[in-house]
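Engineer: Dropping the structure in here first, questions after.
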Amino acid sequence: MKKIAVLTSGGDAPGMNAAVRAVVRKAIYEGLEIAGVFNGYQGLIEGKIELLELGSVGDIIQRGGTMLRSARSAEFRTLEGRKKALSQLQKNGIEGLVVIGGDGSFKGAQELTALGLPCVCVPATIDNDINGTEFTIGFDTALNTVIDAIDKIRDTATSHERTFIIEVMGRNAGDLALWTGLAGGAETILIPEQKYEIPDIIERLKSGSGRGKKHSIIIVAEGVMSAPELAEILKREANIETHSSVLGHIQRGGSPSARDRVIASQYGAKAVEVLKEGRGGIAIGMQKHVVVDYNLTDVFEQSNSLDVAMYKLSKELSI
Ligand code: ATP
């Protein structure tokens, strides 16, 4: 393999730039030519491809977002769209592709590999919801952003003796809510993977206030319901007054944490090594603290299991 390319796809995540930098620098170190594809799969279809140099990725390791920009592409979901993408790659002499993104982007990479162009995927999403890896790039930064927000909200909750409901991102995955709930000392955590009972939430709030507790923090993942919806229910069912805070897109932005920069560097470099060996249809990830590569098919076959012990612990510590 003499020339490869890299793109970022799907929702952006802090640390994507650090991963792009690692792919570019490692490829050049290994004597490969490396091209950047701008605007994800849509940019690939449109031929937005440029050769990158060592200096092209200077001064980006600390930046959030992605210098290659990202996009969602309906056209790439069609075979015709993917064939256009393939011919752009062939036209540019590109023999392998690193895809940095979430599981949707991984599906696209699997399809492209099936057409004969080896793809290796690097997991980057704040949701931490990719099967086969313990950590995705961006999760640690988002975690710290949410913790910072919880701590600030807690100051008001304590001063004014209020209960706050904080809505965090996570449509299908509760990792961000669970980890931030545990790290932020939340009294209740609602996540899509675990059943909840409104009477149980009410009971916990009442027993807390019964023993003199004047404030509480409830974390709700967006996939369960919105913070204002839950506030409405608690008011209607038990006349409990709460304040809602929806954190929104601040969770996706910002300078990546040290940990995200490190894993992005490790994952990016590993992806190049795998491509150089001529292997495609592979995902990079972390298993038991070791950077590994595994078959993309595993991403779609296993189900991303939530850490149930951690959920149980969060309940035990917030009695
Ligand atoms: P996020 O963490 O934001 O969900 P993601 O990578 O999962 O990131 P998606 O929007 O699901 O984001 O996917 C990104 C792009 O990957 C899509 O816009 C589409 O072009 C491509 N893609 C997704 N699923 C498929 C598929 N089944 N076949 C081909 N391409 C796909």
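Residue numbering restarts at 1 for every chain of the structure tokens, chains are lettered A, B, ... in their displayed order, and ligands are numbered from 1 as they appear.
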Can you list, as a list in words, every protein, DNA or RNA residue that comes within 12 Å of Asn239 (chain A) when you count only C-alpha atoms, leaving out same-chain residues fewer than 5 positions away?
Structural biologist: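 Result of the neighbour search: Ile202, Leu205, Lys206, Ala231, Glu232, Ile233 and Leu234 of chain A.
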Engineer: Would you put the residues from that selection into a file with N, CA, C and O atoms, as a PDB file, in the first residue's frame?
Structural biologist:
```pdb
ATOM      1  N   ILE A 202     -39.675   9.444  43.125  1.00  0.00           N
ATOM      2  CA  ILE A 202     -40.369  10.299  44.104  1.00  0.00           C
ATOM      3  C   ILE A 202     -39.994   9.859  45.530  1.00  0.00           C
ATOM      4  O   ILE A 202     -39.691  10.692  46.386  1.00  0.00           O
ATOM      5  N   LEU A 205     -36.541  11.015  46.448  1.00  0.00           N
ATOM      6  CA  LEU A 205     -36.499  12.453  46.736  1.00  0.00           C
ATOM      7  C   LEU A 205     -37.108  12.733  48.107  1.00  0.00           C
ATOM      8  O   LEU A 205     -36.572  13.504  48.908  1.00  0.00           O
ATOM      9  N   LYS A 206     -38.239  12.059  48.386  1.00  0.00           N
ATOM     10  CA  LYS A 206     -38.931  12.297  49.667  1.00  0.00           C
ATOM     11  C   LYS A 206     -38.110  11.786  50.851  1.00  0.00           C
ATOM     12  O   LYS A 206     -38.040  12.445  51.880  1.00  0.00           O
ATOM     13  N   ALA A 231     -39.580  17.007  34.875  1.00  0.00           N
ATOM     14  CA  ALA A 231     -39.985  18.037  35.855  1.00  0.00           C
ATOM     15  C   ALA A 231     -41.505  18.110  35.940  1.00  0.00           C
ATOM     16  O   ALA A 231     -42.087  18.188  37.031  1.00  0.00           O
ATOM     17  N   GLU A 232     -42.130  18.057  34.780  1.00  0.00           N
ATOM     18  CA  GLU A 232     -43.592  18.098  34.666  1.00  0.00           C
ATOM     19  C   GLU A 232     -44.213  16.918  35.427  1.00  0.00           C
ATOM     20  O   GLU A 232     -45.171  17.071  36.196  1.00  0.00           O
ATOM     21  N   ILE A 233     -43.665  15.733  35.215  1.00  0.00           N
ATOM     22  CA  ILE A 233     -44.197  14.519  35.857  1.00  0.00           C
ATOM     23  C   ILE A 233     -44.067  14.615  37.386  1.00  0.00           C
ATOM     24  O   ILE A 233     -45.012  14.322  38.120  1.00  0.00           O
ATOM     25  N   LEU A 234     -42.894  15.069  37.855  1.00  0.00           N
ATOM     26  CA  LEU A 234     -42.684  15.132  39.311  1.00  0.00           C
ATOM     27  C   LEU A 234     -43.621  16.157  39.955  1.00  0.00           C
ATOM     28  O   LEU A 234     -44.116  15.953  41.065  1.00  0.00           O
TER      29      LEU A 234
END
```
Engineer: Quick one: residues within 7 Å of region 212-227 of chain A, only C-alpha atoms counted, chain neighbours fewer than 4 positions away excluded, as a ChimeraX atom specification?
Structural biologist: /A:157-158,161-172,174,177,181,186-192,208,231,244-246
Engineer: Would you output that residue set with C-alpha atoms, as a compact mmCIF listing (two decimals), in the first residue's frame?
Structural biologist:
```
# COMPACT_ATOMS: atom_id res chain seq x y z
CA ALA A 157 -28.83 23.70 44.12
CA THR A 158 -27.16 23.85 47.53
CA GLU A 161 -32.06 24.24 48.37
CA ARG A 162 -33.36 23.09 45.01
CA THR A 163 -33.63 19.87 43.07
CA PHE A 164 -32.11 20.04 39.60
CA ILE A 165 -32.76 17.75 36.66
CA ILE A 166 -29.83 17.78 34.24
CA GLU A 167 -30.35 16.34 30.75
CA VAL A 168 -27.26 14.92 29.07
CA MET A 169 -26.72 13.50 25.58
CA GLY A 170 -27.29 9.79 24.88
CA ARG A 171 -30.18 8.65 22.68
CA ASN A 172 -29.58 4.92 23.03
CA GLY A 174 -26.42 5.72 28.97
CA ALA A 177 -25.27 9.85 32.08
CA GLY A 181 -24.00 10.75 37.56
CA ALA A 186 -26.26 12.49 41.49
CA GLU A 187 -29.10 11.10 43.59
CA THR A 188 -30.89 9.57 40.60
CA ILE A 189 -29.64 8.54 37.14
CA LEU A 190 -32.03 7.66 34.33
CA ILE A 191 -30.54 5.81 31.35
CA PRO A 192 -32.10 4.09 28.33
CA GLY A 208 -33.81 12.46 51.14
CA ALA A 231 -39.99 18.04 35.86
CA SER A 244 -34.36 21.72 34.52
CA SER A 245 -31.10 22.20 32.72
CA VAL A 246 -30.50 20.87 29.21
```
Engineer: One decimal, in Å: what's the spacing between CA of Ser159 (chain A) and CA of Gly253 (chain A)?
Structural biologist: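 Separation of CA of Ser159 (chain A) and CA of Gly253 (chain A): 28.9 Å.
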Engineer: Between A:Arg72, A:Lys315, A:Lys26, A:His160, which has the minimum distance to Tyr267 (chain A) (counting only C-alpha atoms)?
Structural biologist: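 Counting only C-alpha atoms, the residue closest to Tyr267 (chain A) is A:Lys26.
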Engineer: Report as a PyMOL selection string: the residues of region 125-256 of chain A with a DSSP assignment of strand (DSSP E), based on the backbone of this structure.
Structural biologist: chain A and resi 163-168+188-190+216-221+243-246
Engineer: Residues as selected, N, CA, C and O atoms, written as a short mmCIF file (atom, residue, chain, number, x, y, z; two decimals), in the first residue's frame, can you do that?
Structural biologist:
```
data_model
loop_
_atom_site.label_atom_id
_atom_site.label_comp_id
_atom_site.auth_asym_id
_atom_site.auth_seq_id
_atom_site.Cartn_x
_atom_site.Cartn_y
_atom_site.Cartn_z
N THR A 163 -33.92 21.11 43.78
CA THR A 163 -33.63 19.87 43.07
C THR A 163 -33.48 20.21 41.59
O THR A 163 -34.33 20.88 41.01
N PHE A 164 -32.36 19.79 41.01
CA PHE A 164 -32.11 20.04 39.60
C PHE A 164 -32.18 18.76 38.79
O PHE A 164 -31.68 17.71 39.23
N ILE A 165 -32.79 18.86 37.61
CA ILE A 165 -32.76 17.75 36.66
C ILE A 165 -31.84 18.19 35.52
O ILE A 165 -32.08 19.22 34.89
N ILE A 166 -30.79 17.42 35.29
CA ILE A 166 -29.83 17.78 34.24
C ILE A 166 -29.91 16.75 33.11
O ILE A 166 -29.74 15.55 33.34
N GLU A 167 -30.22 17.24 31.91
CA GLU A 167 -30.35 16.34 30.75
C GLU A 167 -29.03 16.29 30.01
O GLU A 167 -28.48 17.33 29.62
N VAL A 168 -28.52 15.08 29.81
CA VAL A 168 -27.26 14.92 29.07
C VAL A 168 -27.52 14.14 27.78
O VAL A 168 -28.55 13.49 27.63
N THR A 188 -30.16 10.47 41.50
CA THR A 188 -30.89 9.57 40.60
C THR A 188 -30.30 9.69 39.20
O THR A 188 -29.99 10.80 38.75
N ILE A 189 -30.15 8.54 38.52
CA ILE A 189 -29.64 8.54 37.14
C ILE A 189 -30.62 7.74 36.28
O ILE A 189 -30.91 6.58 36.59
N LEU A 190 -31.10 8.37 35.22
CA LEU A 190 -32.03 7.66 34.33
C LEU A 190 -31.34 7.43 32.98
O LEU A 190 -30.93 8.39 32.31
N SER A 216 -31.08 18.10 45.50
CA SER A 216 -30.80 16.84 44.82
C SER A 216 -30.43 17.09 43.37
O SER A 216 -30.85 18.10 42.78
N ILE A 217 -29.66 16.18 42.81
CA ILE A 217 -29.33 16.25 41.38
C ILE A 217 -29.85 14.96 40.72
O ILE A 217 -29.57 13.86 41.18
N ILE A 218 -30.63 15.15 39.67
CA ILE A 218 -31.10 14.00 38.88
C ILE A 218 -30.47 14.13 37.49
O ILE A 218 -30.55 15.19 36.87
N ILE A 219 -29.85 13.06 37.02
CA ILE A 219 -29.29 13.07 35.65
C ILE A 219 -30.20 12.22 34.77
O ILE A 219 -30.50 11.07 35.10
N VAL A 220 -30.62 12.79 33.65
CA VAL A 220 -31.44 12.02 32.72
C VAL A 220 -30.81 12.03 31.32
O VAL A 220 -30.44 13.09 30.80
N ALA A 221 -30.64 10.84 30.75
CA ALA A 221 -30.13 10.75 29.38
C ALA A 221 -31.26 11.14 28.43
O ALA A 221 -32.42 10.75 28.65
N HIS A 243 -35.89 22.17 38.96
CA HIS A 243 -35.41 23.06 37.91
C HIS A 243 -34.71 22.21 36.86
O HIS A 243 -33.98 21.28 37.23
N SER A 244 -34.94 22.54 35.60
CA SER A 244 -34.36 21.72 34.52
C SER A 244 -33.19 22.43 33.87
O SER A 244 -33.22 23.65 33.70
N SER A 245 -32.21 21.65 33.48
CA SER A 245 -31.10 22.20 32.72
C SER A 245 -30.74 21.23 31.60
O SER A 245 -30.45 20.06 31.86
N VAL A 246 -30.82 21.73 30.37
CA VAL A 246 -30.50 20.87 29.21
C VAL A 246 -29.12 21.30 28.70
O VAL A 246 -28.96 22.42 28.23
#
```
Engineer: Would you please give, as a list in words, all residues of region 54-107 of chain A that DSSP assigns to helix (DSSP H, G or I) based on the backbone?
Structural biologist: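 Going through region 54-107 of chain A, the helix (DSSP H, G or I) residues come out as Leu54, Gly55, Ser56, Val57, Glu75, Phe76, Arg77, Leu79, Glu80, Gly81, Arg82, Lys83, Lys84, Ala85, Leu86, Ser87, Gln88, Leu89, Gln90, Lys91, Asp103, Gly104, Ser105, Phe106 and Lys107 of chain A.
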Engineer: Give me, as a PyMOL selection string, the set of residues whose atoms come within 9 Å of any atom of ligand 1, counting only C-alpha atoms and all ligand atoms.
Structural biologist: chain A and resi 8-13+40-42+70-79+82+100-112+123-130
Engineer: With only C-alpha atoms as the atoms that count, which of A:Gly15, A:Gly58, A:Gly184, A:Gly96 lies nearest to Leu32 (chain A)?
Structural biologist: A:Gly96
Engineer: To one decimal place in Å, what is the distance between CA of Leu89 (chain A) and CA of Asp260 (chain A)?
Structural biologist: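 Computing it gives 29.5 Å between the two atoms.
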Engineer: Go through A:Thr145, A:Asp59, A:Ala85, A:Gly132 and flag the residue nearest His249 (chain A), using only C-alpha atoms for the distances.
Structural biologist: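 Checking each candidate against His249 (chain A), we get A:Thr145 as the closest.
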Engineer: Can you list, as a PyMOL selection string, every protein, DNA or RNA residue that comes within 9 Å of Ile263 (chain A) when you count only C-alpha atoms, leaving out same-chain residues fewer than 5 positions away?
Structural biologist: chain A and resi 15+18-19+135-137+258+268+285-286+291
Engineer: Using only C-alpha atoms, what does the table of region 205-265 of chain A residues within 12 Å of region 269-273 of chain A look like, with each row giving the shortest atom pair and its distance in Å to one decimal, sorted by chain and ascending number, as a Markdown table?
Structural biologist:
```
| residue | atom | partner | partner_atom | distance |
| --- | --- | --- | --- | --- |
| A:Val262 | CA | A:Ala269 | CA | 10.8 |
| A:Ile263 | CA | A:Ala269 | CA | 9.8 |
| A:Ala264 | CA | A:Ala269 | CA | 8.4 |
| A:Ser265 | CA | A:Ala269 | CA | 6.1 |
```
Engineer: Next, dump the selected residues to file, keeping only all heavy atoms, as an mmCIF file, in the first residue's frame.
Structural biologist:
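That gives us part.cif:
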```cif
data_model
loop_
_atom_site.group_PDB
_atom_site.id
_atom_site.type_symbol
_atom_site.label_atom_id
_atom_site.label_comp_id
_atom_site.auth_asym_id
_atom_site.auth_seq_id
_atom_site.Cartn_x
_atom_site.Cartn_y
_atom_site.Cartn_z
ATOM 1 N N VAL A 262 -4.516 11.234 24.001
ATOM 2 C CA VAL A 262 -3.627 10.065 24.018
ATOM 3 C C VAL A 262 -4.267 8.897 23.266
ATOM 4 O O VAL A 262 -3.635 8.296 22.384
ATOM 5 C CB VAL A 262 -3.271 9.663 25.477
ATOM 6 C CG1 VAL A 262 -2.580 8.307 25.515
ATOM 7 C CG2 VAL A 262 -2.365 10.719 26.106
ATOM 8 N N ILE A 263 -5.536 8.598 23.588
ATOM 9 C CA ILE A 263 -6.129 7.429 22.896
ATOM 10 C C ILE A 263 -6.325 7.727 21.406
ATOM 11 O O ILE A 263 -6.186 6.839 20.567
ATOM 12 C CB ILE A 263 -7.418 6.875 23.569
ATOM 13 C CG1 ILE A 263 -8.582 7.848 23.511
ATOM 14 C CG2 ILE A 263 -7.156 6.397 24.976
ATOM 15 C CD1 ILE A 263 -9.918 7.183 23.895
ATOM 16 N N ALA A 264 -6.611 8.989 21.067
ATOM 17 C CA ALA A 264 -6.752 9.346 19.642
ATOM 18 C C ALA A 264 -5.434 9.102 18.915
ATOM 19 O O ALA A 264 -5.405 8.594 17.790
ATOM 20 C CB ALA A 264 -7.178 10.804 19.504
ATOM 21 N N SER A 265 -4.329 9.440 19.567
ATOM 22 C CA SER A 265 -3.010 9.236 18.960
ATOM 23 C C SER A 265 -2.734 7.743 18.789
ATOM 24 O O SER A 265 -2.248 7.297 17.742
ATOM 25 C CB SER A 265 -1.920 9.870 19.835
ATOM 26 O OG SER A 265 -2.189 11.244 19.997
#
```
Engineer: Mind giving me the straight-line distance from CA of Met310 (chain A) to CA of Arg204 (chain A) in Å, one decimal?
Structural biologist: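 That distance, rounded to one decimal, is 18.8 Å.
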Engineer: Tell me which protein, DNA and RNA residues are within 9 Å of Leu86 (chain A), counting only C-alpha atoms, leaving out same-chain ones fewer than 5 positions away, and put them as a list in words.
Structural biologist: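 Those residues are Leu44, Ile45, Gly81, Lys91, Leu112, Leu115, Gly116 and Leu117 of chain A.
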Engineer: Measuring between only C-alpha atoms, which one of A:Ile153, A:Val290, A:Arg63, A:Asn295 shows the shortest distance to Gly138 (chain A)?
Structural biologist: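 Closest candidate: A:Arg63.
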